[in-house]
>>> print(open('query00.pdb').read())   # PDB, C-alpha atoms
ATOM      1  CA  MET A   1     101.625 113.860  94.732
ATOM      2  CA  ALA A   2     102.555 110.831  96.869
ATOM      3  CA  GLU A   3     104.251 113.139  99.363
ATOM      4  CA  LEU A   4     101.160 115.355  99.526
ATOM      5  CA  LEU A   5      98.852 112.365 100.066
ATOM      6  CA  THR A   6     101.142 111.045 102.805
ATOM      7  CA  TRP A   7     101.169 114.396 104.569
ATOM      8  CA  LEU A   8      97.381 114.804 104.346
ATOM      9  CA  ALA A   9      96.738 111.312 105.693
ATOM     10  CA  LYS A  10      99.133 111.784 108.611
ATOM     11  CA  GLN A  11      97.149 114.827 109.733
ATOM     12  CA  LEU A  12      94.022 112.681 110.144
ATOM     13  CA  VAL A  13      95.185 109.429 111.723
ATOM     14  CA  ASP A  14      96.231 108.469 115.245
ATOM     15  CA  ASP A  15      99.169 106.349 114.032
ATOM     16  CA  PRO A  16     101.017 108.487 111.449
ATOM     17  CA  ASP A  17     104.011 106.136 111.409
ATOM     18  CA  ALA A  18     101.817 103.458 109.820
ATOM     19  CA  VAL A  19     100.874 105.650 106.843
ATOM     20  CA  ARG A  20     102.303 104.325 103.588
ATOM     21  CA  VAL A  21     101.651 105.339  99.964
ATOM     22  CA  GLU A  22     102.535 103.200  96.950
ATOM     23  CA  THR A  23     102.691 104.700  93.452
ATOM     24  CA  ILE A  24     101.546 102.570  90.500
ATOM     25  CA  GLU A  25     102.339 103.933  87.032
ATOM     26  CA  ARG A  26      99.873 103.093  84.271
ATOM     27  CA  GLU A  27     100.070 104.088  80.631
ATOM     28  CA  ASP A  28      97.704 107.038  81.043
ATOM     29  CA  ALA A  29      97.443 107.505  84.785
ATOM     30  CA  THR A  30      99.273 107.383  88.086
ATOM     31  CA  VAL A  31      97.483 105.442  90.835
ATOM     32  CA  LEU A  32      98.263 106.116  94.496
ATOM     33  CA  GLU A  33      97.384 103.401  97.012
ATOM     34  CA  LEU A  34      97.074 104.576 100.618
ATOM     35  CA  TYR A  35      97.690 102.237 103.557
ATOM     36  CA  VAL A  36      96.999 103.116 107.199
ATOM     37  CA  ALA A  37      96.726 101.229 110.486
ATOM     38  CA  PRO A  38      93.525  99.111 110.708
ATOM     39  CA  GLU A  39      92.070 101.294 113.453
ATOM     40  CA  ASP A  40      92.575 104.402 111.286
ATOM     41  CA  ARG A  41      90.869 103.163 108.111
ATOM     42  CA  GLY A  42      87.629 104.983 108.820
ATOM     43  CA  LYS A  43      89.376 108.210 109.688
ATOM     44  CA  VAL A  44      90.939 108.956 106.313
ATOM     45  CA  ILE A  45      87.475 109.162 104.762
ATOM     46  CA  GLY A  46      85.786 110.507 107.868
ATOM     47  CA  ARG A  47      86.056 113.855 109.657
ATOM     48  CA  GLN A  48      83.777 115.486 107.105
ATOM     49  CA  GLY A  49      85.700 113.787 104.293
ATOM     50  CA  ARG A  50      88.554 116.284 104.410
ATOM     51  CA  LEU A  51      91.089 114.021 102.738
ATOM     52  CA  ALA A  52      88.672 112.901 100.028
ATOM     53  CA  ARG A  53      87.781 116.493  99.194
ATOM     54  CA  ALA A  54      91.426 117.524  99.089
ATOM     55  CA  LEU A  55      92.269 114.734  96.638
ATOM     56  CA  ARG A  56      89.285 115.462  94.419
ATOM     57  CA  THR A  57      90.007 119.145  93.919
ATOM     58  CA  SER A  58      92.675 118.590  91.240
ATOM     59  CA  VAL A  59      92.909 116.717  87.939
ATOM     60  CA  ARG A  60      96.113 115.250  86.540
ATOM     61  CA  VAL A  61      97.173 116.708  83.166
ATOM     62  CA  GLY A  62     100.637 115.157  82.779
ATOM     63  CA  ARG A  63     103.938 114.638  84.530
ATOM     64  CA  VAL A  64     107.433 116.084  84.362
ATOM     65  CA  GLY A  65     109.384 114.308  81.620
ATOM     66  CA  LYS A  66     112.951 114.386  80.346
ATOM     67  CA  PRO A  67     114.832 117.708  80.199
ATOM     68  CA  HIS A  68     114.812 119.818  77.036
ATOM     69  CA  GLY A  69     117.932 121.950  76.776
ATOM     70  CA  VAL A  70     119.798 123.358  79.764
ATOM     71  CA  ASP A  71     117.457 126.138  80.929
ATOM     72  CA  GLY A  72     115.188 123.952  83.061
ATOM     73  CA  SER A  73     112.626 123.204  80.349
ATOM     74  CA  PHE A  74     111.190 119.690  80.101
ATOM     75  CA  PHE A  75     108.842 117.549  78.031
ATOM     76  CA  VAL A  76     105.389 116.923  79.486
ATOM     77  CA  GLU A  77     104.692 113.186  79.505
ATOM     78  CA  GLY A  78     101.122 111.924  79.223
ATOM     79  CA  ALA A  79     100.018 115.469  78.427
ATOM     80  CA  SER A  80      96.396 116.596  78.370
ATOM     81  CA  GLU A  81      94.985 117.168  74.899
ATOM     82  CA  ALA A  82      93.981 120.732  75.870
ATOM     83  CA  PRO A  83      96.878 122.990  74.750
ATOM     84  CA  GLU A  84      95.795 125.867  77.007
ATOM     85  CA  ARG A  85      96.846 123.803  80.033
ATOM     86  CA  PHE A  86     100.488 124.438  79.084
ATOM     87  CA  ALA A  87     100.314 128.026  77.827
ATOM     88  CA  LYS A  88     102.785 130.601  79.112
ATOM     89  CA  GLY A  89     101.430 132.210  82.266
ATOM     90  CA  ALA A  90      99.160 129.281  83.190
ATOM     91  CA  THR A  91      99.390 127.799  86.675
ATOM     92  CA  LEU A  92      99.905 124.094  87.321
ATOM     93  CA  LEU A  93      99.945 122.121  90.542
ATOM     94  CA  VAL A  94     103.208 120.203  90.814
ATOM     95  CA  ASP A  95     102.750 117.428  93.360
ATOM     96  CA  GLY A  96     100.011 119.602  94.817
ATOM     97  CA  LEU A  97     101.927 122.898  94.975
ATOM     98  CA  PRO A  98     101.350 125.764  92.470
ATOM     99  CA  ALA A  99     103.921 126.714  89.840
ATOM    100  CA  GLN A 100     103.586 129.133  86.925
ATOM    101  CA  ILE A 101     104.616 128.324  83.361
ATOM    102  CA  ALA A 102     107.400 130.753  82.422
ATOM    103  CA  ALA A 103     107.907 129.481  78.856
ATOM    104  CA  SER A 104     106.054 127.109  76.551
ATOM    105  CA  LYS A 105     106.619 125.599  73.108
ATOM    106  CA  ARG A 106     106.217 122.385  71.140
ATOM    107  CA  GLY A 107     108.984 119.828  70.896
ATOM    108  CA  ALA A 108     109.507 116.682  68.832
ATOM    109  CA  GLY A 109     106.256 115.046  67.816
ATOM    110  CA  GLY A 110     104.294 118.101  68.898
ATOM    111  CA  ARG A 111     104.742 117.292  72.579
ATOM    112  CA  PRO A 112     104.516 120.222  75.012
ATOM    113  CA  VAL A 113     107.798 121.580  76.327
ATOM    114  CA  ILE A 114     107.482 123.946  79.282
ATOM    115  CA  LYS A 115     109.622 125.751  81.819
ATOM    116  CA  LEU A 116     108.248 126.528  85.273
ATOM    117  CA  ASP A 117     109.119 129.358  87.624
ATOM    118  CA  ARG A 118     110.839 126.902  89.958
ATOM    119  CA  SER A 119     112.783 123.671  89.772
ATOM    120  CA  VAL A 120     110.711 120.470  89.866
ATOM    121  CA  PRO A 121     111.765 116.795  89.957
ATOM    122  CA  ARG A 122     111.353 114.511  86.975
ATOM    123  CA  GLY A 123     108.295 112.312  87.349
ATOM    124  CA  ALA A 124     106.367 114.851  89.432
ATOM    125  CA  THR A 125     102.620 114.965  88.769
ATOM    126  CA  LEU A 126     101.237 117.996  86.924
ATOM    127  CA  ALA A 127      97.631 118.882  87.696
ATOM    128  CA  VAL A 128      95.070 121.679  87.511
ATOM    129  CA  ARG A 129      92.276 122.564  89.896
ATOM    130  CA  ARG A 130      88.946 121.077  88.889
ATOM    131  CA  ASP A 131      87.283 124.433  89.444
ATOM    132  CA  ASP A 132      89.514 125.877  86.694
ATOM    133  CA  LEU A 133      88.326 123.386  84.069
ATOM    134  CA  PRO A 134      85.826 124.721  81.510
ATOM    135  CA  GLU A 135      82.457 123.045  81.238
ATOM    136  CA  PRO A 136      82.643 120.277  78.606
ATOM    137  CA  GLY A 137      80.416 120.481  75.563
ATOM    138  CA  GLU A 138      77.150 118.629  75.117
ATOM    139  CA  ASP A 139      77.567 114.840  75.365
ATOM    140  CA  THR A 140      81.233 115.386  76.267
ATOM    141  CA  TYR A 141      82.750 114.376  79.596
ATOM    142  CA  TYR A 142      86.055 114.513  81.379
ATOM    143  CA  VAL A 143      87.597 111.131  82.169
ATOM    144  CA  PHE A 144      87.402 111.788  85.913
ATOM    145  CA  GLN A 145      83.638 112.314  85.567
ATOM    146  CA  LEU A 146      83.167 108.826  84.123
ATOM    147  CA  VAL A 147      85.492 106.854  86.388
ATOM    148  CA  GLY A 148      83.488 105.424  89.277
ATOM    149  CA  LEU A 149      80.094 105.514  87.538
ATOM    150  CA  ARG A 150      77.901 102.404  87.667
ATOM    151  CA  VAL A 151      77.119 100.897  84.273
ATOM    152  CA  GLU A 152      73.767  99.254  83.636
ATOM    153  CA  GLU A 153      72.352  97.603  80.565
ATOM    154  CA  GLU A 154      69.010  98.849  79.282
ATOM    155  CA  GLY A 155      66.504  96.991  81.425
ATOM    156  CA  GLY A 156      68.526  97.266  84.636
ATOM    157  CA  ARG A 157      71.186  94.518  84.443
ATOM    158  CA  ALA A 158      74.277  95.684  86.365
ATOM    159  CA  LEU A 159      77.494  95.387  84.349
ATOM    160  CA  GLY A 160      80.065  96.920  86.684
ATOM    161  CA  THR A 161      81.786 100.196  87.529
ATOM    162  CA  VAL A 162      84.018 102.292  85.259
ATOM    163  CA  THR A 163      87.664 101.989  86.288
ATOM    164  CA  GLU A 164      89.374 103.496  83.251
ATOM    165  CA  VAL A 165      88.789 105.202  79.905
ATOM    166  CA  GLN A 166      90.991 103.992  77.058
ATOM    167  CA  ASN A 167      91.761 105.910  73.877
ATOM    168  CA  GLY A 168      91.388 104.034  70.605
ATOM    169  CA  PRO A 169      91.978 104.807  66.913
ATOM    170  CA  ALA A 170      88.252 104.735  66.102
ATOM    171  CA  ASN A 171      86.630 105.544  69.454
ATOM    172  CA  ASP A 172      87.291 105.561  73.180
ATOM    173  CA  THR A 173      86.216 102.667  75.389
ATOM    174  CA  VAL A 174      85.357 102.376  79.070
ATOM    175  CA  GLU A 175      86.844  99.546  81.100
ATOM    176  CA  LEU A 176      84.737  98.140  83.925
ATOM    177  CA  ASP A 177      85.825  96.419  87.122
ATOM    178  CA  SER A 178      84.063  93.324  85.775
ATOM    179  CA  GLY A 179      86.545  93.196  82.888
ATOM    180  CA  LEU A 180      84.107  94.414  80.239
ATOM    181  CA  LEU A 181      85.183  96.916  77.584
ATOM    182  CA  LEU A 182      82.388  99.043  76.134
ATOM    183  CA  PRO A 183      82.710 101.521  73.241
ATOM    184  CA  LEU A 184      81.886 105.170  73.856
ATOM    185  CA  VAL A 185      79.699 105.462  70.781
ATOM    186  CA  GLU A 186      76.127 106.679  70.399
ATOM    187  CA  ALA A 187      74.800 103.225  69.520
ATOM    188  CA  CYS A 188      76.112 101.823  72.805
ATOM    189  CA  VAL A 189      75.779 104.648  75.340
ATOM    190  CA  LEU A 190      72.132 105.582  75.817
ATOM    191  CA  ASP A 191      72.462 107.859  78.844
ATOM    192  CA  VAL A 192      75.113 109.325  81.139
ATOM    193  CA  ASP A 193      73.643 110.623  84.403
ATOM    194  CA  LEU A 194      76.366 112.245  86.496
ATOM    195  CA  GLU A 195      74.001 113.075  89.351
ATOM    196  CA  ALA A 196      72.791 109.487  89.603
ATOM    197  CA  LYS A 197      76.367 108.265  88.944
ATOM    198  CA  ARG A 198      75.098 105.905  86.268
ATOM    199  CA  ILE A 199      75.658 105.038  82.611
ATOM    200  CA  VAL A 200      72.995 103.119  80.684
ATOM    201  CA  VAL A 201      74.107 101.127  77.640
ATOM    202  CA  ALA A 202      72.170  99.319  74.930
ATOM    203  CA  ARG A 203      71.602  95.581  75.024
ATOM    204  CA  GLY A 204      74.026  93.358  73.151
ATOM    205  CA  PHE A 205      77.301  95.228  73.666
ATOM    206  CA  ALA A 206      78.149  93.508  76.960
ATOM    207  CA  ASP A 207      77.484  90.066  75.493
ATOM    208  CA  ALA A 208      79.575  90.879  72.416
ATOM    209  CA  ASP A 209      82.616  91.416  74.664
ATOM    210  CA  GLU A 210      82.400  87.929  76.171
TER     211      GLU A 210
END
>>> encode(input="query00.pdb", output="structure tokens")
Amino acid sequence: MAELLTWLAKQLVDDPDAVRVETIEREDATVLELYVAPEDRGKVIGRQGRLARALRTSVRVGRVGKPHGVDGSFFVEGASEAPERFAKGATLLVDGLPAQIAASKRGAGGRPVIKLDRSVPRGATLAVRRDDLPEPGEDTYYVFQLVGLRVEEEGGRALGTVTEVQNGPANDTVELDSGLLLPLVEACVLDVDLEAKRIVVARGFADADE
């Protein structure tokens, strides 16, 4: 994915030699930081937002893990919880390029083990097109839909912006850029408005995290 981002950015800037991408591995996500020459900073999100749209058309579902056997199969690390993502015949984007799953099974611990129709490097990002994702159920959201939403307390007090969604044994939590952690439970979350890019939470939960 870093190579794809680098290539896309170089098509938009006037100083392609200054383009640099750094990869930051988190427990449940891979973050790519893009650096360009100062005079090109507006261009990577300009020109009708071509780069932004290209990056937002896919959703990460895992990455290529350690080999399994000698036939080219491998474990999927950080795998999506949706098993159909790794079914035989399904198509994944590997660092942005399509590859079809030729074989699929479960390995140790129930982790997905797949073989693709071409060789791929360990650590490569596995993704699917957002348009291929099914609509989530009522009051259910994909992580990418929540990241970036503003969070307000009932009454209008701004609390921050969602930067990450963490899985927990009892419930998931959203992490805000202000450092707050808020539980994704009915008592806390009063409204999620994707069009307004806003989450409204009940009073008291933000203060309890201090």
>>> residues_around(input="query00.pdb", residues="Gln100 (chain A)", least_positions_apart="3", cutoff="9 Å", atoms="only C-alpha atoms", output="list of chain:residue names")
A:Lys88, A:Gly89, A:Ala90, A:Thr91, A:Leu92, A:Leu93, A:Lys115, A:Leu116, A:Asp117, A:Arg118
>>> resolve_selection(input="query00.pdb", expression="the PyMOL selection byres ((chain A and resi 151) around 6)", output="ChimeraX atom specification")
/A:150,152,159-161,198-200
>>> axis_aligned_box(input="query00.pdb", around="region 116-123 of chain A", padding_each_side="4 Å", output="JSON")
{"center_x": 110.5, "center_y": 120.8, "center_z": 87.6, "size_x": 12.5, "size_y": 25.0, "size_z": 12.7}
>>> resolve_selection(input="query00.pdb", expression="the PyMOL selection byres ((chain A and resi 124-132) around 6)", output="list in words")
Thr57, Ser58, Val59, Arg60, Val61, Gly62, Arg63, Val64, Leu92, Leu93, Val94, Asp95, Pro121, Arg122, Gly123 and Leu133 of chain A
>>> closest_residue(input="query00.pdb", among="A:Pro38, A:Gly110, A:Ser80, A:Val162", to="Leu180 (chain A)", atoms="all atoms listed in the file")
A:Val162
>>> atom_distance(input="query00.pdb", atom1="CA of Ile24 (chain A)", atom2="CA of Leu5 (chain A)")
14.0 Å
>>> resolve_selection(input="query00.pdb", expression="the PyMOL selection byres ((chain A and resi 73-75) around 10)", output="mmCIF file with C-alpha atoms, in the coordinates of the input")
data_model
loop_
_atom_site.group_PDB
_atom_site.id
_atom_site.type_symbol
_atom_site.label_atom_id
_atom_site.label_comp_id
_atom_site.auth_asym_id
_atom_site.auth_seq_id
_atom_site.Cartn_x
_atom_site.Cartn_y
_atom_site.Cartn_z
ATOM 1 C CA GLY A 62 100.637 115.157 82.779
ATOM 2 C CA ARG A 63 103.938 114.638 84.530
ATOM 3 C CA VAL A 64 107.433 116.084 84.362
ATOM 4 C CA GLY A 65 109.384 114.308 81.620
ATOM 5 C CA LYS A 66 112.951 114.386 80.346
ATOM 6 C CA PRO A 67 114.832 117.708 80.199
ATOM 7 C CA HIS A 68 114.812 119.818 77.036
ATOM 8 C CA GLY A 69 117.932 121.950 76.776
ATOM 9 C CA VAL A 70 119.798 123.358 79.764
ATOM 10 C CA ASP A 71 117.457 126.138 80.929
ATOM 11 C CA GLY A 72 115.188 123.952 83.061
ATOM 12 C CA VAL A 76 105.389 116.923 79.486
ATOM 13 C CA GLU A 77 104.692 113.186 79.505
ATOM 14 C CA GLY A 78 101.122 111.924 79.223
ATOM 15 C CA ALA A 79 100.018 115.469 78.427
ATOM 16 C CA ILE A 101 104.616 128.324 83.361
ATOM 17 C CA ALA A 102 107.400 130.753 82.422
ATOM 18 C CA ALA A 103 107.907 129.481 78.856
ATOM 19 C CA SER A 104 106.054 127.109 76.551
ATOM 20 C CA LYS A 105 106.619 125.599 73.108
ATOM 21 C CA ARG A 106 106.217 122.385 71.140
ATOM 22 C CA GLY A 107 108.984 119.828 70.896
ATOM 23 C CA ALA A 108 109.507 116.682 68.832
ATOM 24 C CA ARG A 111 104.742 117.292 72.579
ATOM 25 C CA PRO A 112 104.516 120.222 75.012
ATOM 26 C CA VAL A 113 107.798 121.580 76.327
ATOM 27 C CA ILE A 114 107.482 123.946 79.282
ATOM 28 C CA LYS A 115 109.622 125.751 81.819
ATOM 29 C CA LEU A 116 108.248 126.528 85.273
ATOM 30 C CA SER A 119 112.783 123.671 89.772
ATOM 31 C CA VAL A 120 110.711 120.470 89.866
ATOM 32 C CA ARG A 122 111.353 114.511 86.975
#
>>> closest_residue(input="query00.pdb", among="A:Leu97, A:Val36, A:Leu190, A:Ala196", to="Ala18 (chain A)", atoms="all atoms listed in the file")
A:Val36
>>> atom_distance(input="query00.pdb", atom1="CA of Arg20 (chain A)", atom2="CA of Thr163 (chain A)")
22.8 Å
>>> atom_distance(input="query00.pdb", atom1="CA of Lys197 (chain A)", atom2="CA of Val21 (chain A)")
27.7 Å
>>> build_atoms(input="query00.pdb", residues="region 184-196 of chain A", atoms="N, CA, C and O atoms", output="tab-separated table (two decimals), keeping the file's coordinate frame")
chain	number	residue	atom	x	y	z
A	184	LEU	N	82.57	103.90	73.61
A	184	LEU	CA	81.89	105.17	73.86
A	184	LEU	C	81.37	105.71	72.53
A	184	LEU	O	81.89	106.68	71.97
A	185	VAL	N	80.34	105.05	72.03
A	185	VAL	CA	79.70	105.46	70.78
A	185	VAL	C	78.21	105.59	71.04
A	185	VAL	O	77.66	105.00	71.97
A	186	GLU	N	77.54	106.38	70.20
A	186	GLU	CA	76.13	106.68	70.40
A	186	GLU	C	75.26	105.43	70.41
A	186	GLU	O	74.29	105.34	71.17
A	187	ALA	N	75.61	104.44	69.58
A	187	ALA	CA	74.80	103.22	69.52
A	187	ALA	C	74.85	102.43	70.82
A	187	ALA	O	73.91	101.70	71.16
A	188	CYS	N	75.94	102.58	71.56
A	188	CYS	CA	76.11	101.82	72.81
A	188	CYS	C	75.63	102.61	74.02
A	188	CYS	O	74.85	102.11	74.83
A	189	VAL	N	76.08	103.85	74.15
A	189	VAL	CA	75.78	104.65	75.34
A	189	VAL	C	74.45	105.37	75.14
A	189	VAL	O	74.33	106.27	74.31
A	190	LEU	N	73.46	104.98	75.93
A	190	LEU	CA	72.13	105.58	75.82
A	190	LEU	C	71.97	106.79	76.73
A	190	LEU	O	71.26	107.74	76.40
A	191	ASP	N	72.63	106.76	77.90
A	191	ASP	CA	72.46	107.86	78.84
A	191	ASP	C	73.63	107.89	79.82
A	191	ASP	O	74.10	106.84	80.27
A	192	VAL	N	74.11	109.10	80.10
A	192	VAL	CA	75.11	109.32	81.14
A	192	VAL	C	74.50	110.29	82.14
A	192	VAL	O	74.23	111.44	81.82
A	193	ASP	N	74.27	109.82	83.35
A	193	ASP	CA	73.64	110.62	84.40
A	193	ASP	C	74.66	110.82	85.52
A	193	ASP	O	74.86	109.94	86.36
A	194	LEU	N	75.32	111.99	85.51
A	194	LEU	CA	76.37	112.24	86.50
A	194	LEU	C	75.79	112.36	87.90
A	194	LEU	O	76.43	111.95	88.87
A	195	GLU	N	74.60	112.93	88.02
A	195	GLU	CA	74.00	113.08	89.35
A	195	GLU	C	73.65	111.72	89.95
A	195	GLU	O	73.84	111.49	91.15
A	196	ALA	N	73.14	110.83	89.13
A	196	ALA	CA	72.79	109.49	89.60
A	196	ALA	C	74.00	108.56	89.59
A	196	ALA	O	73.90	107.41	90.04
